[in-house]
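**Q** Quick one, work-v7.pdb (PDB, C-alpha atoms):
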ATOM      1  CA  MET A   1      43.046 232.367  85.755
ATOM      2  CA  TRP A   2      40.125 230.249  86.947
ATOM      3  CA  PRO A   3      37.933 229.150  85.402
ATOM      4  CA  ILE A   4      39.603 229.145  81.989
ATOM      5  CA  GLN A   5      37.381 231.070  79.591
ATOM      6  CA  PRO A   6      36.799 229.997  75.987
ATOM      7  CA  PRO A   7      38.426 232.194  73.338
ATOM      8  CA  ASP A   8      36.159 234.675  71.570
ATOM      9  CA  HIS A   9      35.689 232.473  68.506
ATOM     10  CA  VAL A  10      34.298 229.610  70.599
ATOM     11  CA  ASP A  11      30.599 229.948  71.442
ATOM     12  CA  ALA A  12      30.522 227.200  74.055
ATOM     13  CA  VAL A  13      27.173 226.194  75.541
ATOM     14  CA  ASP A  14      27.348 226.992  79.263
ATOM     15  CA  TYR A  15      25.953 223.809  80.786
ATOM     16  CA  ILE A  16      26.541 225.045  84.330
ATOM     17  CA  ALA A  17      24.255 228.012  83.710
ATOM     18  CA  GLN A  18      21.851 225.814  81.780
ATOM     19  CA  THR A  19      21.609 223.309  84.625
ATOM     20  CA  ARG A  20      21.220 226.041  87.243
ATOM     21  CA  ASP A  21      18.363 227.639  85.338
ATOM     22  CA  SER A  22      16.751 224.317  84.484
ATOM     23  CA  TYR A  23      16.837 223.109  88.098
ATOM     24  CA  ALA A  24      15.476 226.431  89.331
ATOM     25  CA  GLN A  25      12.595 226.146  86.889
ATOM     26  CA  LEU A  26      11.861 222.646  88.196
ATOM     27  CA  GLY A  27      12.087 223.783  91.815
ATOM     28  CA  TYR A  28      15.188 221.702  92.567
ATOM     29  CA  ASP A  29      18.128 222.757  94.703
ATOM     30  CA  ALA A  30      21.062 224.022  92.658
ATOM     31  CA  TYR A  31      23.380 221.272  91.444
ATOM     32  CA  ARG A  32      26.858 221.662  92.889
ATOM     33  CA  TRP A  33      29.405 221.220  90.115
ATOM     34  CA  ALA A  34      32.977 220.441  91.093
ATOM     35  CA  GLU A  35      34.899 223.691  91.582
ATOM     36  CA  HIS A  36      38.674 223.614  91.847
ATOM     37  CA  PRO A  37      40.176 227.086  91.564
ATOM     38  CA  ASP A  38      43.468 225.705  92.828
ATOM     39  CA  ALA A  39      45.837 224.658  90.055
ATOM     40  CA  PRO A  40      46.049 220.935  89.339
ATOM     41  CA  ALA A  41      49.281 218.997  89.490
ATOM     42  CA  LEU A  42      51.059 219.098  86.121
ATOM     43  CA  ASN A  43      53.620 216.412  85.433
ATOM     44  CA  ALA A  44      56.373 216.622  82.843
ATOM     45  CA  PRO A  45      55.395 215.817  79.253
ATOM     46  CA  VAL A  46      55.857 212.311  77.891
ATOM     47  CA  GLU A  47      56.519 210.936  74.416
ATOM     48  CA  LEU A  48      53.347 209.212  73.257
ATOM     49  CA  ALA A  49      55.281 206.790  71.075
ATOM     50  CA  GLY A  50      56.793 205.243  74.177
ATOM     51  CA  ALA A  51      53.759 205.499  76.429
ATOM     52  CA  ARG A  52      51.222 202.961  77.623
ATOM     53  CA  VAL A  53      47.856 204.677  77.413
ATOM     54  CA  GLY A  54      44.863 203.927  79.628
ATOM     55  CA  LEU A  55      41.285 204.845  78.718
ATOM     56  CA  VAL A  56      38.698 205.972  81.273
ATOM     57  CA  ALA A  57      35.196 206.760  80.002
ATOM     58  CA  SER A  58      32.018 207.789  81.802
ATOM     59  CA  GLY A  59      29.399 207.194  79.126
ATOM     60  CA  GLY A  60      27.837 204.161  80.782
ATOM     61  CA  ILE A  61      29.573 201.618  78.544
ATOM     62  CA  TYR A  62      29.366 197.929  79.373
ATOM     63  CA  GLN A  63      30.101 194.750  77.466
ATOM     64  CA  ILE A  64      27.654 191.967  76.750
ATOM     65  CA  GLY A  65      27.980 189.569  79.656
ATOM     66  CA  GLN A  66      28.454 192.340  82.203
ATOM     67  CA  VAL A  67      25.820 193.733  84.537
ATOM     68  CA  ALA A  68      24.526 197.057  83.223
ATOM     69  CA  PHE A  69      24.726 200.233  85.258
ATOM     70  CA  HIS A  70      21.830 201.352  87.347
ATOM     71  CA  HIS A  71      20.895 204.990  87.323
ATOM     72  CA  ALA A  72      20.867 206.068  90.948
ATOM     73  CA  ASP A  73      24.384 207.246  91.808
ATOM     74  CA  ASP A  74      26.031 204.074  90.483
ATOM     75  CA  THR A  75      29.699 204.365  91.489
ATOM     76  CA  GLY A  76      30.597 200.956  90.104
ATOM     77  CA  HIS A  77      32.931 200.465  87.190
ATOM     78  CA  ARG A  78      33.422 197.920  84.430
ATOM     79  CA  LEU A  79      36.639 196.701  82.829
ATOM     80  CA  ILE A  80      36.438 196.463  79.055
ATOM     81  CA  PRO A  81      39.176 194.520  77.237
ATOM     82  CA  THR A  82      40.638 196.901  74.699
ATOM     83  CA  ASP A  83      40.549 194.224  72.012
ATOM     84  CA  VAL A  84      36.762 194.096  72.428
ATOM     85  CA  ASP A  85      34.506 193.762  69.399
ATOM     86  CA  VAL A  86      32.672 197.103  69.264
ATOM     87  CA  ALA A  87      29.499 195.196  68.394
ATOM     88  CA  ASP A  88      29.614 193.729  71.920
ATOM     89  CA  LEU A  89      29.500 197.140  73.618
ATOM     90  CA  ARG A  90      26.311 198.490  75.152
ATOM     91  CA  ILE A  91      25.300 201.845  76.650
ATOM     92  CA  SER A  92      23.298 202.525  79.789
ATOM     93  CA  HIS A  93      22.991 206.108  80.991
ATOM     94  CA  PHE A  94      20.215 208.323  82.328
ATOM     95  CA  ALA A  95      21.525 211.773  81.559
ATOM     96  CA  TYR A  96      22.364 212.116  77.865
ATOM     97  CA  ASP A  97      20.839 211.185  74.531
ATOM     98  CA  THR A  98      22.401 207.775  73.931
ATOM     99  CA  THR A  99      20.978 207.284  70.428
ATOM    100  CA  ASP A 100      24.270 207.842  68.617
ATOM    101  CA  ALA A 101      26.359 206.102  71.289
ATOM    102  CA  LYS A 102      24.241 202.980  70.882
ATOM    103  CA  ALA A 103      24.737 203.134  67.115
ATOM    104  CA  ASP A 104      28.480 203.763  67.409
ATOM    105  CA  PRO A 105      30.008 203.523  70.916
ATOM    106  CA  ASN A 106      33.122 205.253  69.569
ATOM    107  CA  VAL A 107      31.347 208.593  70.059
ATOM    108  CA  VAL A 108      31.942 208.290  73.812
ATOM    109  CA  PHE A 109      34.503 205.467  73.892
ATOM    110  CA  PRO A 110      37.151 206.071  71.211
ATOM    111  CA  ILE A 111      38.422 202.533  71.123
ATOM    112  CA  ASP A 112      38.813 202.241  67.349
ATOM    113  CA  ALA A 113      40.787 205.499  67.263
ATOM    114  CA  LEU A 114      43.089 204.326  70.038
ATOM    115  CA  ARG A 115      43.679 201.000  68.314
ATOM    116  CA  THR A 116      44.534 202.850  65.110
ATOM    117  CA  LEU A 117      46.942 205.119  66.983
ATOM    118  CA  GLU A 118      48.588 202.051  68.501
ATOM    119  CA  ALA A 119      48.868 200.329  65.105
ATOM    120  CA  GLU A 120      50.389 203.475  63.589
ATOM    121  CA  GLY A 121      52.904 203.776  66.410
ATOM    122  CA  VAL A 122      51.580 207.148  67.535
ATOM    123  CA  ILE A 123      51.120 205.684  71.014
ATOM    124  CA  GLY A 124      53.400 203.010  72.341
ATOM    125  CA  GLU A 125      50.728 200.701  73.636
ATOM    126  CA  LEU A 126      47.071 200.679  74.589
ATOM    127  CA  ALA A 127      46.538 199.330  78.110
ATOM    128  CA  PRO A 128      44.759 195.950  78.090
ATOM    129  CA  ARG A 129      41.621 197.141  79.851
ATOM    130  CA  ALA A 130      39.579 200.325  79.738
ATOM    131  CA  VAL A 131      37.720 201.508  82.829
ATOM    132  CA  THR A 132      34.139 202.615  82.307
ATOM    133  CA  PHE A 133      31.503 203.926  84.655
ATOM    134  CA  MET A 134      28.347 205.971  84.583
ATOM    135  CA  GLY A 135      28.859 209.638  85.268
ATOM    136  CA  GLY A 136      26.151 211.758  86.739
ATOM    137  CA  ILE A 137      27.127 210.728  90.262
ATOM    138  CA  TYR A 138      25.693 213.476  92.431
ATOM    139  CA  SER A 139      27.915 212.851  95.456
ATOM    140  CA  GLN A 140      31.489 214.108  95.050
ATOM    141  CA  ARG A 141      32.303 212.329  98.312
ATOM    142  CA  ARG A 142      31.276 209.011  96.788
ATOM    143  CA  VAL A 143      33.340 209.757  93.679
ATOM    144  CA  ARG A 144      36.367 210.376  95.904
ATOM    145  CA  GLU A 145      35.831 207.449  98.257
ATOM    146  CA  GLU A 146      34.482 204.770  95.930
ATOM    147  CA  LEU A 147      35.204 205.475  92.275
ATOM    148  CA  ILE A 148      38.585 207.207  92.269
ATOM    149  CA  PRO A 149      40.384 204.488  94.298
ATOM    150  CA  ALA A 150      39.079 201.861  91.867
ATOM    151  CA  VAL A 151      40.281 203.796  88.815
ATOM    152  CA  GLU A 152      43.631 204.461  90.473
ATOM    153  CA  ALA A 153      44.094 200.775  91.296
ATOM    154  CA  GLU A 154      43.454 199.720  87.709
ATOM    155  CA  MET A 155      45.831 202.309  86.274
ATOM    156  CA  ARG A 156      48.538 201.300  88.734
ATOM    157  CA  GLU A 157      48.100 197.602  88.045
ATOM    158  CA  MET A 158      48.379 198.139  84.286
ATOM    159  CA  GLU A 159      51.341 200.489  84.802
ATOM    160  CA  VAL A 160      50.017 203.074  82.396
ATOM    161  CA  ASP A 161      51.932 206.274  81.696
ATOM    162  CA  VAL A 162      49.143 208.355  80.189
ATOM    163  CA  VAL A 163      45.421 208.369  80.964
ATOM    164  CA  LEU A 164      42.835 209.619  78.467
ATOM    165  CA  LEU A 165      39.561 210.548  80.175
ATOM    166  CA  VAL A 166      36.388 210.804  78.136
ATOM    167  CA  PRO A 167      33.355 212.263  79.937
ATOM    168  CA  VAL A 168      29.978 212.920  78.347
TER     169      VAL A 168
ATOM    170  CA  MET W   1      35.745 213.348  85.458
ATOM    171  CA  GLY W   2      37.863 216.365  86.299
ATOM    172  CA  LEU W   3      38.220 215.106  89.872
ATOM    173  CA  ILE W   4      39.622 211.824  88.592
ATOM    174  CA  ALA W   5      42.055 213.522  86.221
ATOM    175  CA  ARG W   6      43.325 215.800  88.974
ATOM    176  CA  HIS W   7      43.807 212.878  91.328
ATOM    177  CA  LEU W   8      45.593 210.659  88.799
ATOM    178  CA  GLU W   9      47.915 213.503  87.819
ATOM    179  CA  SER W  10      48.682 214.187  91.484
ATOM    180  CA  ILE W  11      49.991 210.647  91.937
ATOM    181  CA  GLY W  12      52.194 210.702  88.857
ATOM    182  CA  PHE W  13      50.120 209.773  85.814
ATOM    183  CA  VAL W  14      50.046 212.182  82.889
ATOM    184  CA  THR W  15      46.401 212.824  82.088
ATOM    185  CA  THR W  16      44.447 214.378  79.269
ATOM    186  CA  SER W  17      40.702 214.697  78.774
ATOM    187  CA  LEU W  18      38.162 215.288  76.084
ATOM    188  CA  SER W  19      35.260 217.630  76.786
ATOM    189  CA  SER W  20      32.161 218.973  75.083
ATOM    190  CA  ALA W  21      31.175 221.033  78.137
ATOM    191  CA  TRP W  22      33.637 223.884  78.504
ATOM    192  CA  SER W  23      32.224 225.417  81.677
ATOM    193  CA  ILE W  24      32.021 222.114  83.536
ATOM    194  CA  THR W  25      35.566 221.171  82.585
ATOM    195  CA  ALA W  26      36.925 224.636  83.382
ATOM    196  CA  SER W  27      35.244 224.567  86.789
ATOM    197  CA  ALA W  28      36.732 221.183  87.686
ATOM    198  CA  ASN W  29      40.085 222.399  86.338
ATOM    199  CA  PRO W  30      41.825 219.209  85.145
ATOM    200  CA  PRO W  31      45.428 219.392  83.925
ATOM    201  CA  ARG W  32      44.703 219.154  80.177
ATOM    202  CA  ALA W  33      41.616 218.944  77.993
ATOM    203  CA  ALA W  34      40.711 219.186  74.329
ATOM    204  CA  PHE W  35      37.341 220.820  73.689
ATOM    205  CA  HIS W  36      35.181 219.202  71.019
ATOM    206  CA  ASP W  37      32.291 221.596  70.418
ATOM    207  CA  ALA W  38      29.477 219.122  69.858
ATOM    208  CA  PRO W  39      26.134 218.105  71.372
ATOM    209  CA  LEU W  40      26.596 216.108  74.581
ATOM    210  CA  GLY W  41      26.974 212.409  73.968
ATOM    211  CA  HIS W  42      29.606 212.775  71.227
ATOM    212  CA  THR W  43      32.701 213.729  73.165
ATOM    213  CA  SER W  44      35.017 211.756  70.889
ATOM    214  CA  GLY W  45      33.280 212.539  67.605
ATOM    215  CA  PRO W  46      30.211 212.140  65.413
ATOM    216  CA  PRO W  47      28.935 208.589  64.822
ATOM    217  CA  HIS W  48      30.524 206.490  62.106
ATOM    218  CA  THR W  49      33.260 209.033  61.352
ATOM    219  CA  PRO W  50      36.530 207.187  61.980
ATOM    220  CA  ALA W  51      38.682 209.995  60.575
ATOM    221  CA  ALA W  52      37.086 212.657  62.764
ATOM    222  CA  GLN W  53      37.178 210.417  65.841
ATOM    223  CA  LEU W  54      40.838 209.701  65.192
ATOM    224  CA  ALA W  55      41.711 213.387  64.798
ATOM    225  CA  ILE W  56      39.850 214.337  67.988
ATOM    226  CA  THR W  57      41.412 211.550  70.041
ATOM    227  CA  ARG W  58      44.852 212.293  68.620
ATOM    228  CA  ALA W  59      44.516 215.979  69.514
ATOM    229  CA  ALA W  60      43.614 215.211  73.121
ATOM    230  CA  LEU W  61      46.523 212.821  73.480
ATOM    231  CA  GLY W  62      48.929 215.276  71.891
ATOM    232  CA  LEU W  63      48.536 217.578  74.870
ATOM    233  CA  VAL W  64      50.646 215.246  77.010
ATOM    234  CA  GLU W  65      53.665 215.946  74.804
ATOM    235  CA  VAL W  66      53.559 219.699  75.378
ATOM    236  CA  PRO W  67      55.229 221.207  78.445
ATOM    237  CA  THR W  68      52.879 223.458  80.398
ATOM    238  CA  ASP W  69      52.976 225.159  83.769
ATOM    239  CA  ARG W  70      49.246 225.860  83.831
ATOM    240  CA  PRO W  71      46.113 223.889  83.028
ATOM    241  CA  VAL W  72      45.077 223.984  79.399
ATOM    242  CA  ILE W  73      41.812 223.625  77.469
ATOM    243  CA  LEU W  74      42.489 223.414  73.743
ATOM    244  CA  PRO W  75      39.576 224.222  71.405
ATOM    245  CA  LEU W  76      39.521 221.759  68.506
ATOM    246  CA  ARG W  77      38.706 222.764  64.957
ATOM    247  CA  GLN W  78      36.160 220.046  64.220
ATOM    248  CA  ALA W  79      32.744 221.577  63.602
ATOM    249  CA  TRP W  80      29.682 219.445  64.297
ATOM    250  CA  PRO W  81      28.684 218.096  60.874
ATOM    251  CA  LEU W  82      25.174 216.811  61.540
ATOM    252  CA  ALA W  83      23.294 220.070  62.180
ATOM    253  CA  PRO W  84      23.929 223.808  61.753
ATOM    254  CA  GLU W  85      25.672 225.239  64.801
ATOM    255  CA  HIS W  86      22.881 227.664  65.666
ATOM    256  CA  VAL W  87      20.347 224.835  65.573
ATOM    257  CA  TRP W  88      22.009 222.308  67.854
ATOM    258  CA  LYS W  89      23.189 224.996  70.253
ATOM    259  CA  ALA W  90      19.697 226.445  70.528
ATOM    260  CA  GLU W  91      18.451 222.974  71.430
ATOM    261  CA  ALA W  92      21.273 222.517  73.940
ATOM    262  CA  ARG W  93      20.468 225.850  75.572
ATOM    263  CA  ALA W  94      16.751 225.158  75.847
ATOM    264  CA  LEU W  95      15.677 224.577  79.426
ATOM    265  CA  ALA W  96      14.534 221.015  78.892
ATOM    266  CA  ASP W  97      15.216 218.223  81.367
ATOM    267  CA  HIS W  98      16.190 215.169  79.323
ATOM    268  CA  ARG W  99      17.063 212.926  82.217
ATOM    269  CA  THR W 100      15.282 209.624  82.486
ATOM    270  CA  PRO W 101      14.022 208.195  85.787
ATOM    271  CA  ARG W 102      16.738 206.949  88.122
ATOM    272  CA  HIS W 103      16.293 203.255  88.801
ATOM    273  CA  ASP W 104      18.407 201.347  91.326
ATOM    274  CA  THR W 105      18.393 198.153  89.274
ATOM    275  CA  PRO W 106      20.598 197.498  86.210
ATOM    276  CA  GLN W 107      19.259 199.168  83.086
ATOM    277  CA  TYR W 108      20.194 197.064  80.082
ATOM    278  CA  GLU W 109      20.373 198.562  76.624
ATOM    279  CA  ARG W 110      18.673 195.639  74.953
ATOM    280  CA  PRO W 111      16.236 192.946  76.004
ATOM    281  CA  GLY W 112      18.232 189.774  76.448
ATOM    282  CA  ASP W 113      21.423 191.427  77.740
ATOM    283  CA  ALA W 114      20.436 190.561  81.309
ATOM    284  CA  GLU W 115      20.213 186.854  80.529
ATOM    285  CA  ARG W 116      23.726 186.928  79.089
ATOM    286  CA  THR W 117      25.463 188.174  82.228
ATOM    287  CA  ASP W 118      28.203 185.979  83.652
TER     288      ASP W 118
END
Since I need it in another form, could you write the structure as structure tokens?
**A**
Amino acid sequence: MWPIQPPDHVDAVDYIAQTRDSYAQLGYDAYRWAEHPDAPALNAPVELAGARVGLVASGGIYQIGQVAFHHADDTGHRLIPTDVDVADLRISHFAYDTTDAKADPNVVFPIDALRTLEAEGVIGELAPRAVTFMGGIYSQRRVREELIPAVEAEMREMEVDVVLLVPV
Amino acid sequence: MGLIARHLESIGFVTTSLSSAWSITASANPPRAAFHDAPLGHTSGPPHTPAAQLAITRAALGLVEVPTDRPVILPLRQAWPLAPEHVWKAEARALADHRTPRHDTPQYERPGDAERTD
């Protein structure tokens, strides 16, 4: 049951193994990925056409005028208006190749797609603000105590029904 | 991100995720995810491909309309168009450390962004 394995036709890169081997080669302690063998909560399905959808993305996205992320366990978040001009989005992240994200932030922040889905009536409504942060936070305790309450508060305030999460 | 999805679902939100890292997502075990098999940094699609980005985002969202009594990771059909699969996966599997130094001051994408902060 846990962890879910990819089907035979999917040759997924195993980044957990890759990181373990890479860290060992560098002489670092093994990175501790989140492990949750226990089943998650699973709520009843919802109709997208009537749902308010919130976007949460960890690619280090900020908007011109906002303070950029720093790269040492930054648990802060930014609120991006979902009517933002994509040309005003910026990327700051230490742990992935941001070349394409800087050229087109939609690769880690699918804002144009969500606006299209809203215009087409596929989703009822896009929540007014997206929540962004910089992943790569090494402390799961700090994620639980600092980041998760902030994301929860924003989703509650906007009364979203569905949350789309986009990691990198 | 899986921790956040699990928490939000536990308090009543219906959550769905995108992922390009199957093992990391499976380990964190969020309620629902769509797997886009692509180099990291392109979770919601290749650059400047609105149709592909739309299809990928739509597929992830569609998971919330399907009843399930167990967590699901749905492999998407979109193949990475910018390099042969064996090439980009060989690069991804190489034991290279691509991380940049970790500064504790804001790291702006472009010179001048700092002066424009509110």
**Q** List the residues selected by the PyMOL selection byres ((chain W and resi 80) around 9) in the file shown, writing them as a list in words.
**A**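 Expected selection for the PyMOL selection byres ((chain W and resi 80) around 9) here is His36, Asp37, Ala38, Pro39, Gly45, Pro46, Gln78, Ala79, Pro81, Leu82, Ala83, Pro84, Glu85 and Trp88 of chain W.
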**Q** Convert the output of the PyMOL selection byres ((chain W and resi 61-68) around 6) on the shown file into explicit residues, formatted as a PyMOL selection string.
**A** (chain A and resi 45-47) or (chain W and resi 58-60+69-70)
**Q** Just say which residues the PyMOL selection byres ((chain A and resi 117) around 12) picks in this file, as a ChimeraX atom specification.
**A** /A:48-49,51-53,110-116,118-126 /W:50-51,53-59,61-62
**Q** What separation in Å, quoted to one decimal, exists between CA of Asp104 in chain A and CA of Asp74 in chain A?
**A** 23.2 Å
**Q** Calculated over only C-alpha atoms, which of the candidates A:Met134, A:Met1, A:Leu147, A:Ala103 has the smallest distance to Asp38 in chain A?
**A** A:Met1
**Q** Just the number, please: distance in Å from CA of Ile16 in chain A to CA of Glu145 in chain A, one decimal.
**A** 24.3 Å
**Q** Measuring between only C-alpha atoms, which one of A:Tyr15, A:Ala95, A:Gln5, A:Leu89 shows the shortest distance to Ala21 in chain W?
**A**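 Ranked by minimum distance to Ala21 in chain W, first place goes to A:Tyr15.
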**Q** Which is closest to Ser20 in chain W among A:Gln63, A:Pro7, A:Val56, A:Val166, if we use all atoms listed in the file?
**A** A:Val166
**Q** Can you find the residues with an atom no farther than 12 Å from (20.2, 223.3, 79.1), counting only C-alpha atoms, and report them as an MDAnalysis selection string?
**A** (chainID A and resid 13:25 95:96) or (chainID W and resid 21 39:40 88:99)
**Q** Let me see the file: selected residues, C-alpha atoms, as a PDB file, keeping the file's coordinate frame.
**A**
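As written to disk, selection.pdb reads:
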ATOM      1  CA  VAL A  13      27.173 226.194  75.541  1.00  0.00           C
ATOM      2  CA  ASP A  14      27.348 226.992  79.263  1.00  0.00           C
ATOM      3  CA  TYR A  15      25.953 223.809  80.786  1.00  0.00           C
ATOM      4  CA  ILE A  16      26.541 225.045  84.330  1.00  0.00           C
ATOM      5  CA  ALA A  17      24.255 228.012  83.710  1.00  0.00           C
ATOM      6  CA  GLN A  18      21.851 225.814  81.780  1.00  0.00           C
ATOM      7  CA  THR A  19      21.609 223.309  84.625  1.00  0.00           C
ATOM      8  CA  ARG A  20      21.220 226.041  87.243  1.00  0.00           C
ATOM      9  CA  ASP A  21      18.363 227.639  85.338  1.00  0.00           C
ATOM     10  CA  SER A  22      16.751 224.317  84.484  1.00  0.00           C
ATOM     11  CA  TYR A  23      16.837 223.109  88.098  1.00  0.00           C
ATOM     12  CA  ALA A  24      15.476 226.431  89.331  1.00  0.00           C
ATOM     13  CA  GLN A  25      12.595 226.146  86.889  1.00  0.00           C
ATOM     14  CA  ALA A  95      21.525 211.773  81.559  1.00  0.00           C
ATOM     15  CA  TYR A  96      22.364 212.116  77.865  1.00  0.00           C
TER      16      TYR A  96
ATOM     17  CA  ALA W  21      31.175 221.033  78.137  1.00  0.00           C
ATOM     18  CA  PRO W  39      26.134 218.105  71.372  1.00  0.00           C
ATOM     19  CA  LEU W  40      26.596 216.108  74.581  1.00  0.00           C
ATOM     20  CA  TRP W  88      22.009 222.308  67.854  1.00  0.00           C
ATOM     21  CA  LYS W  89      23.189 224.996  70.253  1.00  0.00           C
ATOM     22  CA  ALA W  90      19.697 226.445  70.528  1.00  0.00           C
ATOM     23  CA  GLU W  91      18.451 222.974  71.430  1.00  0.00           C
ATOM     24  CA  ALA W  92      21.273 222.517  73.940  1.00  0.00           C
ATOM     25  CA  ARG W  93      20.468 225.850  75.572  1.00  0.00           C
ATOM     26  CA  ALA W  94      16.751 225.158  75.847  1.00  0.00           C
ATOM     27  CA  LEU W  95      15.677 224.577  79.426  1.00  0.00           C
ATOM     28  CA  ALA W  96      14.534 221.015  78.892  1.00  0.00           C
ATOM     29  CA  ASP W  97      15.216 218.223  81.367  1.00  0.00           C
ATOM     30  CA  HIS W  98      16.190 215.169  79.323  1.00  0.00           C
ATOM     31  CA  ARG W  99      17.063 212.926  82.217  1.00  0.00           C
TER      32      ARG W  99
END
**Q** Interatomic distance between CA of Arg141 in chain A and CA of Ala127 in chain A?
**A**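 Answer for the CA of Arg141 in chain A to CA of Ala127 in chain A separation: 27.9 Å.
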**Q** Can you find the residues with an atom no farther than 8 Å from (44.0, 214.6, 86.1), counting all atoms listed in the file, and report them as a PDB file with C-alpha atoms, in the coordinates of the input?
**A**
ATOM      1  CA  PRO A  40      46.049 220.935  89.339  1.00  0.00           C
ATOM      2  CA  ALA A  41      49.281 218.997  89.490  1.00  0.00           C
TER       3      ALA A  41
ATOM      4  CA  GLY W   2      37.863 216.365  86.299  1.00  0.00           C
ATOM      5  CA  LEU W   3      38.220 215.106  89.872  1.00  0.00           C
ATOM      6  CA  ILE W   4      39.622 211.824  88.592  1.00  0.00           C
ATOM      7  CA  ALA W   5      42.055 213.522  86.221  1.00  0.00           C
ATOM      8  CA  ARG W   6      43.325 215.800  88.974  1.00  0.00           C
ATOM      9  CA  HIS W   7      43.807 212.878  91.328  1.00  0.00           C
ATOM     10  CA  LEU W   8      45.593 210.659  88.799  1.00  0.00           C
ATOM     11  CA  GLU W   9      47.915 213.503  87.819  1.00  0.00           C
ATOM     12  CA  SER W  10      48.682 214.187  91.484  1.00  0.00           C
ATOM     13  CA  PHE W  13      50.120 209.773  85.814  1.00  0.00           C
ATOM     14  CA  VAL W  14      50.046 212.182  82.889  1.00  0.00           C
ATOM     15  CA  THR W  15      46.401 212.824  82.088  1.00  0.00           C
ATOM     16  CA  THR W  16      44.447 214.378  79.269  1.00  0.00           C
ATOM     17  CA  PRO W  30      41.825 219.209  85.145  1.00  0.00           C
ATOM     18  CA  PRO W  31      45.428 219.392  83.925  1.00  0.00           C
ATOM     19  CA  ARG W  32      44.703 219.154  80.177  1.00  0.00           C
TER      20      ARG W  32
END
**Q** Closest to chain A among W:Arg110, W:His86, W:Arg116, W:Arg77, using all atoms listed in the file?
**A**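 Closest residue, counting all atoms listed in the file: W:Arg116.
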